[in-house]
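Trainee: Following this message is one structure expressed as structure tokens.
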Amino acid sequence: TAKMAEFEEVSQKSALHSKPVGLVLQYGTAGFRTNANKLDHVMFRMGLLATLRSKKTKATIGVMVTASHNPEEDNGVKLVDPMGEMVTPAWEGYATQLANAEQEGLLATLKDIIKREAIDMVQEARVFLGKDTRRSSESLSKAVLDGVHALGGHSKDYGLVTTPQLHYMVCCQNTQGRYGEATMNGYYQKLSKAFIQLTKNVPNRTDDQKTLLVDGANGIGALKVSEMETYLKKELQLSLFNDGSTGKLNHLCGADYVKVQQRAPTGVEMSAGERCCSYDGDADRIVYYYTDSACRFHLLDGDKIATLISTYLKELLTQAGLDLQIAVVQTAYANGSSTRYLEDIMKVIVRCTKTGVKHLHHAAQEFDIGVYFEANGHGTVLFSKLAEEKIQQLAQDSNANDEKKRAALILQNTVNLINQTVGDALSDMLLIEAVLAIREMTVQQWDAIYTDLPNRQLKVKVADRRVIDTTDAERRTVCPAGLQEAIDTLVKKYNLARSFVRPSGTEDVVRVYAEADTQEHADALAYEVSLAVYQLAGGVGEEPKPL
Ligand code: G16
């Protein structure tokens with residue numbers, strides 16, 4: 001039968017992508033991620049899994065080959081569900097089983113998933129594929145295709161795309177074009193049209209306001225923002241740095257570097273007051289920054305972005321007279337000042353979830369308008385069906401007064417500008433630029449909305465980071481014994497202090513976050529908590545040192 005032939009094909013092809021005996025990988029915050037030379041078998045098997053997922057959902061599934069913010073030597077894979085979301089926890093479980101099955105157990109594991117999910121193997125399958133600019137991405141994406149084809153799935157290879165562009169294509173395909181056209185041209189057209197609509201009526205935008213410095217992290221974002229620029233018809237003029245022509249991916253540049261190090265990337269020529277932004281390695285994150293006349297560096301991270309966008313949306317809702325509930329979703333990394341500002345001054349609902357956009361995305365879906373951003377700059381805005389309908393109705397209502405109608409039209413273009421499938425550096429950048437233009441705000445005025453509490457992030461190496469178990473959206477640890485008590489004691493020494501630790505789901509480290517009233521105190525607390533992790537959670541290598 002056809003089915004038997006397919007299993008035979010899987011058997012033969014999998015031998016060409018064999019698994020190193022004993023290698024065990026965990027499905028992390030955003031899929032599998034490790035050194036690229038350990039991933040060939042994982043890619044082949046994720047091709048198999050995506051095909052099964054497509055048969056199960058009767059929809060197109062996406063596979064993105066990228067390790068995003070990780071160093072060039074790493075790679076990884078992100079799976080995209082039909083509406084452009086991340087795959088569900090049950091399927092993350094299957095992914096783990098499939099990736100870790102020894103060679104001789106692969107078919108049995110595959111058949112087990114087919115049985116448990118009652119998958120109709122005769123059903124057609126379609127997988128969209130994308131990859132970032134890493135050297136290893138080329139051969140690893142071929143391994144994915146081998147997996148798809150072994151199970152008889154159809155494939156469309158988009159080649160070099162950003163992660164959010166692939167999410168977008170999957171969503172367009174599965175909504176039969178209602179979300180947009182599943183081509184690069186369709187993506188650029190939709191975003192640029194909305195951006196031009198939003199900015200064209202802003203009076204007297206100066207050249208300075210239309211200019212933005214972009215750090216492309218030497219990755220895929222640099223390529224794609226250059227492609228998009230021609231569509232923007234000079235309404236936004238970009239100076240691109242770290243475009244990948246010479247520098248190394250994510251090395252001393254990119255959103256993660258800028259956020260964690262709290263300093264400008266290398267290779268960007270910025271003068272005082274100029275607006276700059278950095279993408280990460282697959283362009284799903286963005287952070288903004290500038291230096292002031294005293295050469296001090298100012299970071300505008302995901303929290304500042306969420307505040308800017310939610311303030312803007314709230315104002316528009318008021319002007320439009322629309323009664324829609326707006327909420328902001330953050331993680332434990334959100335700066336305490338941002339949470340206080342959102343709750344106390346802005347009076348919006350704030351939710352906190354575990355790290356990982358998949359968690360934030362789901363929490364944001366519970367509201368009419370859910371703005372979600374991780375402090376690292378990963379985020380977007382979700383509009384419920386009801387919210388989109390109300391906005392549209394008002395925009396078309398001939399009886400509505402001018403102010404209401406104008407606000408509704410702005411909201412409508414804003415919806416079109418946002419990539420609702422996942423955080424998207426290009427879309428977020430255009431949104432931020434549009435908001436600053438419409439509200440006639442400078443980057444300094446945006447920065448002044450609230451003042452960040454000084455903070456510090458550190459990494460600690462331990463023998464096995466799984467010994468750390470957390471609760472309360474990762475704000476407290478329950479294992480190993482004594483660690484939370486140690487953190488509590490240390491936090492009490494400082495004013496306005498807060499600290500937590502969690503195992504990273506993308507790197508082999510434990511992450512430590514601390515904030516306090518001064519930078520010295522935040523640094524001291526981060527160091528002391530790192531030392532506690534090192535001592536109580538099996539630290540390896542050099543002991544942490546004071547900063
Ligand atoms: C991924 C996830 C993000 C997460 C980040 C760091 O980002 O998509 O949600 O914040 O990893 O995760 P962790 O602290 O567990 O290492 P990216 O941009 O690297 O794909």
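In the structure tokens, chains take the letters A, B, ... in the order shown, each chain's residues start at 1, and ligands count up from 1 in the order shown.
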Go through the chains and note each residue within 6 Å of ligand 1, using only C-alpha atoms and all ligand atoms, then give the set as a PDB file with N, CA and C atoms, in the first residue's frame.
Mentor:
ATOM      1  N   THR A  29      12.484  26.972  24.480  1.00  0.00           N
ATOM      2  CA  THR A  29      11.567  28.104  24.465  1.00  0.00           C
ATOM      3  C   THR A  29      10.967  28.304  23.069  1.00  0.00           C
ATOM      4  N   ALA A  30      11.771  28.064  22.043  1.00  0.00           N
ATOM      5  CA  ALA A  30      11.284  28.287  20.674  1.00  0.00           C
ATOM      6  C   ALA A  30      11.747  27.151  19.763  1.00  0.00           C
ATOM      7  N   SER A  68      18.014  32.226  15.551  1.00  0.00           N
ATOM      8  CA  SER A  68      17.698  33.574  16.017  1.00  0.00           C
ATOM      9  C   SER A  68      18.880  34.308  16.661  1.00  0.00           C
ATOM     10  N   HIS A  69      18.781  34.559  17.972  1.00  0.00           N
ATOM     11  CA  HIS A  69      19.807  35.387  18.625  1.00  0.00           C
ATOM     12  C   HIS A  69      21.085  34.617  18.961  1.00  0.00           C
ATOM     13  N   THR A 355       8.358  33.030  30.081  1.00  0.00           N
ATOM     14  CA  THR A 355       9.112  33.454  28.904  1.00  0.00           C
ATOM     15  C   THR A 355       8.730  32.614  27.684  1.00  0.00           C
ATOM     16  N   GLY A 356       8.774  33.219  26.520  1.00  0.00           N
ATOM     17  CA  GLY A 356       8.436  32.493  25.287  1.00  0.00           C
ATOM     18  C   GLY A 356       7.190  33.091  24.688  1.00  0.00           C
ATOM     19  N   VAL A 357       7.293  33.554  23.440  1.00  0.00           N
ATOM     20  CA  VAL A 357       6.148  34.237  22.838  1.00  0.00           C
ATOM     21  C   VAL A 357       4.911  33.360  22.779  1.00  0.00           C
ATOM     22  N   SER A 504      17.554  28.846  30.833  1.00  0.00           N
ATOM     23  CA  SER A 504      17.254  29.311  29.472  1.00  0.00           C
ATOM     24  C   SER A 504      16.723  28.137  28.660  1.00  0.00           C
ATOM     25  N   GLY A 505      15.834  28.445  27.720  1.00  0.00           N
ATOM     26  CA  GLY A 505      15.329  27.413  26.820  1.00  0.00           C
ATOM     27  C   GLY A 505      15.953  27.513  25.434  1.00  0.00           C
ATOM     28  N   THR A 506      16.984  28.348  25.306  1.00  0.00           N
ATOM     29  CA  THR A 506      17.654  28.454  24.003  1.00  0.00           C
ATOM     30  C   THR A 506      19.170  28.313  24.116  1.00  0.00           C
ATOM     31  N   GLU A 507      19.718  28.495  25.324  1.00  0.00           N
ATOM     32  CA  GLU A 507      21.161  28.362  25.526  1.00  0.00           C
ATOM     33  C   GLU A 507      21.381  27.502  26.765  1.00  0.00           C
TER      34      GLU A 507
END
Trainee: Just the residues within 10 Å of A:Thr163, please, counting only C-alpha atoms, with nothing from its chain fewer than 5 positions along; format it as a list in words.
Mentor: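 Near neighbours after the sequence-gap exclusion: Gly62, Val63, Met64, Val65, Thr66, Ser68, Lys78, Val80, Gly130, Lys131, Asp132, Tyr168, Ile220, Gly221, Gly281, Asp282, Ala283, Asp284, Val422, Gly423, Asp424 and Ala425 of chain A.
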Trainee: Determine, counting only C-alpha atoms, which protein, DNA and RNA residues have an atom within 12 Å of an atom of A:Ser11; residues of the same chain fewer than 2 positions away are not included. Present the result as a list in words.
Mentor: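 With the cut-off at 12 Å, the set is Met4, Ala5, Glu6, Phe7, Glu8, Glu9, Lys13, Ser14, Ala15, Leu16, His17, Ser18, Phe44, Arg45, Leu48, Gln103, Glu104, Gly105, Leu106, Leu107, Ala108, Leu110, Asp146, Gly147, Ala150 and Leu151 of chain A.
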Trainee: Wanna dump the stretch 89-194 of chain A-stretch 413-421 of chain A contacts at 9 Å for me, each residue with its shortest atom pair and the distance in Å to one decimal, counting only C-alpha atoms, ordered by chain and number, as JSON lines?
Mentor:
{"residue": "A:Pro164", "atom": "CA", "partner": "A:Thr421", "partner_atom": "CA", "distance": 7.3}
{"residue": "A:Gln165", "atom": "CA", "partner": "A:Asn419", "partner_atom": "CA", "distance": 8.7}
{"residue": "A:His167", "atom": "CA", "partner": "A:Thr421", "partner_atom": "CA", "distance": 6.1}
{"residue": "A:Tyr168", "atom": "CA", "partner": "A:Thr421", "partner_atom": "CA", "distance": 6.3}
{"residue": "A:Cys171", "atom": "CA", "partner": "A:Thr421", "partner_atom": "CA", "distance": 7.3}
{"residue": "A:Lys190", "atom": "CA", "partner": "A:Asn416", "partner_atom": "CA", "distance": 6.9}
{"residue": "A:Leu191", "atom": "CA", "partner": "A:Leu417", "partner_atom": "CA", "distance": 4.9}
{"residue": "A:Ser192", "atom": "CA", "partner": "A:Leu417", "partner_atom": "CA", "distance": 7.7}
{"residue": "A:Lys193", "atom": "CA", "partner": "A:Leu417", "partner_atom": "CA", "distance": 8.2}
{"residue": "A:Ala194", "atom": "CA", "partner": "A:Asn413", "partner_atom": "CA", "distance": 5.1}
Trainee: How would you write, as number ranges by chain, the set of residues in stretch 178-216 of chain A that DSSP gives as alpha helix (DSSP H)?
Mentor: A: 184-200, 207-210
Trainee: I'd like the contact shell of A:Gly216 - 8 Å cut-off, only C-alpha atoms, skipping same-chain residues fewer than 4 positions apart - returned as a list in words.
Mentor: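 Once the nearby chain positions are removed, what remains is Ile220, Gly221, Ala222, Leu240, Phe241, Asn242, Asp243, Gly244, Gly254, Ser278, Tyr279 and Asp280 of chain A.
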Trainee: Keeping only N, CA and C atoms, write the selected residues as an mmCIF file, in the first residue's frame.
Mentor:
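part.cif written:
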data_model
loop_
_atom_site.group_PDB
_atom_site.id
_atom_site.type_symbol
_atom_site.label_atom_id
_atom_site.label_comp_id
_atom_site.auth_asym_id
_atom_site.auth_seq_id
_atom_site.Cartn_x
_atom_site.Cartn_y
_atom_site.Cartn_z
ATOM 1 N N ILE A 220 19.389 38.061 8.464
ATOM 2 C CA ILE A 220 18.329 38.059 7.453
ATOM 3 C C ILE A 220 17.527 39.369 7.453
ATOM 4 N N GLY A 221 17.394 39.993 8.629
ATOM 5 C CA GLY A 221 16.629 41.240 8.721
ATOM 6 C C GLY A 221 17.223 42.320 7.834
ATOM 7 N N ALA A 222 18.559 42.342 7.745
ATOM 8 C CA ALA A 222 19.237 43.348 6.929
ATOM 9 C C ALA A 222 18.837 43.184 5.463
ATOM 10 N N LEU A 240 21.334 51.608 6.940
ATOM 11 C CA LEU A 240 21.513 50.233 7.415
ATOM 12 C C LEU A 240 22.968 49.955 7.796
ATOM 13 N N PHE A 241 23.169 49.433 9.001
ATOM 14 C CA PHE A 241 24.497 49.017 9.449
ATOM 15 C C PHE A 241 24.455 47.523 9.762
ATOM 16 N N ASN A 242 25.626 46.924 9.874
ATOM 17 C CA ASN A 242 25.706 45.483 10.134
ATOM 18 C C ASN A 242 24.773 44.727 9.190
ATOM 19 N N ASP A 243 25.043 44.919 7.913
ATOM 20 C CA ASP A 243 24.174 44.346 6.876
ATOM 21 C C ASP A 243 24.617 42.950 6.448
ATOM 22 N N GLY A 244 25.649 42.428 7.114
ATOM 23 C CA GLY A 244 26.079 41.061 6.813
ATOM 24 C C GLY A 244 27.182 40.986 5.775
ATOM 25 N N GLY A 254 23.058 43.467 17.189
ATOM 26 C CA GLY A 254 21.761 42.796 17.251
ATOM 27 C C GLY A 254 21.018 43.108 18.543
ATOM 28 N N SER A 278 17.747 47.946 16.551
ATOM 29 C CA SER A 278 18.478 46.703 16.255
ATOM 30 C C SER A 278 17.500 45.552 16.129
ATOM 31 N N TYR A 279 17.715 44.710 15.125
ATOM 32 C CA TYR A 279 16.953 43.455 14.985
ATOM 33 C C TYR A 279 17.773 42.323 15.590
ATOM 34 N N ASP A 280 17.173 41.152 15.723
ATOM 35 C CA ASP A 280 17.958 39.974 16.110
ATOM 36 C C ASP A 280 18.189 39.108 14.857
#
Trainee: Between A:Thr211, A:Thr489, A:Asn335, A:Gln444, single out the one closest to A:Asp292, counting only C-alpha atoms.
Mentor: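 Of the candidates, the smallest distance to A:Asp292 is held by A:Gln444.
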Trainee: Run DSSP on the backbone and give me the residues of stretch 137-203 of chain A it puts in strand (DSSP E or B), as a PyMOL selection string.
Mentor: chain A and resi 154-160
Trainee: Can you tell me, as a PDB file with C-alpha atoms, in the first residue's frame, what residues are no more than 12 Å from A:Val268 when counting only C-alpha atoms, ignoring any on the same chain fewer than 4 positions away?
Mentor:
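Produced file out.pdb, reproduced below:
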ATOM      1  CA  LEU A 212      16.135  55.797  11.085  1.00  0.00           C
ATOM      2  CA  LEU A 213      19.388  53.958  11.749  1.00  0.00           C
ATOM      3  CA  VAL A 214      19.029  50.176  11.583  1.00  0.00           C
ATOM      4  CA  ASP A 215      21.411  47.538  12.931  1.00  0.00           C
ATOM      5  CA  GLY A 216      20.626  44.400  10.900  1.00  0.00           C
ATOM      6  CA  ALA A 217      22.609  42.104  13.262  1.00  0.00           C
ATOM      7  CA  ASN A 218      24.436  40.872  10.122  1.00  0.00           C
ATOM      8  CA  SER A 239      20.617  53.879   7.155  1.00  0.00           C
ATOM      9  CA  LEU A 240      21.513  50.233   7.415  1.00  0.00           C
ATOM     10  CA  PHE A 241      24.497  49.017   9.449  1.00  0.00           C
ATOM     11  CA  ASN A 242      25.706  45.483  10.134  1.00  0.00           C
ATOM     12  CA  ASP A 243      24.174  44.346   6.876  1.00  0.00           C
ATOM     13  CA  GLY A 247      30.551  41.297  10.162  1.00  0.00           C
ATOM     14  CA  LEU A 252      28.686  42.584  19.133  1.00  0.00           C
ATOM     15  CA  CYS A 253      25.439  43.660  17.515  1.00  0.00           C
ATOM     16  CA  GLY A 254      21.761  42.796  17.251  1.00  0.00           C
ATOM     17  CA  VAL A 258      22.071  45.707  22.838  1.00  0.00           C
ATOM     18  CA  ARG A 263      25.108  49.480  24.993  1.00  0.00           C
ATOM     19  CA  ALA A 264      25.105  50.450  21.336  1.00  0.00           C
ATOM     20  CA  GLU A 274      19.423  60.014  16.486  1.00  0.00           C
ATOM     21  CA  ARG A 275      16.855  57.229  16.520  1.00  0.00           C
ATOM     22  CA  CYS A 276      18.378  53.758  16.094  1.00  0.00           C
ATOM     23  CA  CYS A 277      17.035  50.231  16.239  1.00  0.00           C
ATOM     24  CA  SER A 278      18.478  46.703  16.255  1.00  0.00           C
ATOM     25  CA  TYR A 289      17.988  53.364  21.469  1.00  0.00           C
ATOM     26  CA  TYR A 290      19.777  56.704  21.208  1.00  0.00           C
ATOM     27  CA  THR A 291      22.624  58.543  22.884  1.00  0.00           C
TER      28      THR A 291
END
Trainee: Excluding A:Ile196 and its own-chain neighbours fewer than 3 positions away, which residues fall within 12 Å of it when counting only C-alpha atoms? Please give them as a list of chain:residue names.
Mentor: A:Tyr188, A:Gln189, A:Lys190, A:Leu191, A:Ser192, A:Lys193, A:Thr199, A:Lys200, A:Asn201, A:Val202, A:Lys210, A:Tyr231, A:Leu232, A:Lys233, A:Lys234, A:Glu235, A:Leu236, A:Ile410, A:Asn413, A:Thr414, A:Asn416, A:Leu417, A:Leu430, A:Leu431, A:Glu433, A:Ala434, A:Ala437, A:Ile438
Trainee: Mind pulling up the distance from atom CA of A:Thr57 to atom CA of A:Asn174?
Mentor: 10.4 Å
Trainee: Separation of atom CA of A:Ala332 and atom CA of A:Glu474, in Å?
Mentor: 6.7 Å
Trainee: Give me, as a PDB file with C-alpha atoms, in the first residue's frame, all polymer residues having an atom no more than 7 Å from A:Gly538, counting only C-alpha atoms and skipping those fewer than 3 positions away in the same chain.
Mentor:
ATOM      1  CA  VAL A 462      25.705  24.797  35.663  1.00  0.00           C
ATOM      2  CA  ALA A 463      26.158  21.061  35.039  1.00  0.00           C
ATOM      3  CA  TYR A 534      26.492  28.627  41.253  1.00  0.00           C
ATOM      4  CA  GLN A 535      26.684  27.230  44.771  1.00  0.00           C
TER       5      GLN A 535
END
Trainee: Closest to A:Tyr27 among A:Ala99, A:Ala334, A:Ala182, A:Met83, using only C-alpha atoms?
Mentor: A:Ala99
Trainee: Using only C-alpha atoms, tabulate the residues of stretch 234-349 of chain A lying at most 8 Å from any atom of stretch 371-382 of chain A, each with its closest atom pair and that distance in Å to one decimal, by chain and increasing residue number, as a tab-separated table.
Mentor:
residue	atom	partner	partner_atom	distance
A:Ala255	CA	A:Asn376	CA	7.3
A:Asp256	CA	A:Asn376	CA	6.7
A:Lys259	CA	A:Asn376	CA	6.3
A:Asp284	CA	A:His378	CA	6.2
A:Arg285	CA	A:His378	CA	4.4
A:Ile286	CA	A:Gly377	CA	4.9
A:Val287	CA	A:Gly377	CA	5.4
A:Asp301	CA	A:Gly377	CA	5.7
A:Gly302	CA	A:Gly377	CA	3.9
A:Asp303	CA	A:Ala375	CA	5.2
A:Ile305	CA	A:Phe373	CA	7.7
A:Ala306	CA	A:Phe373	CA	6.0
A:Ile309	CA	A:Val371	CA	7.8
A:Ser310	CA	A:Val371	CA	6.7
A:Ile326	CA	A:Val371	CA	7.6
A:Ala327	CA	A:Val371	CA	6.1
A:Val328	CA	A:Val371	CA	4.7
A:Val329	CA	A:Tyr372	CA	4.5
A:Gln330	CA	A:Glu374	CA	5.7
A:Thr331	CA	A:Glu374	CA	6.1
A:Tyr333	CA	A:Ala375	CA	6.0
A:Ala334	CA	A:Ala375	CA	5.3
A:Asn335	CA	A:Ala375	CA	7.5
Trainee: Select, from A:Asp157, A:Glu343, A:Asp428, A:Glu515, the residue with the minimum atom-to-atom distance to A:Thr183, counting only C-alpha atoms.
Mentor: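 Selected residue with least distance to A:Thr183: A:Asp157.
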Trainee: Find the residue from A:Asp508, A:Asp452, A:Glu520, A:Asp402 that sits nearest to A:Asn70; use only C-alpha atoms when measuring.
Mentor: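 The shortest atom-to-atom distance to A:Asn70 comes from A:Asp508.
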Trainee: Which of these residues is nearest to A:Asp464, using only C-alpha atoms: A:Val509, A:Val21, A:Val87, A:Ile487?
Mentor: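 Ranking A:Val509, A:Val21, A:Val87, A:Ile487 by distance to A:Asp464, first place goes to A:Val509.
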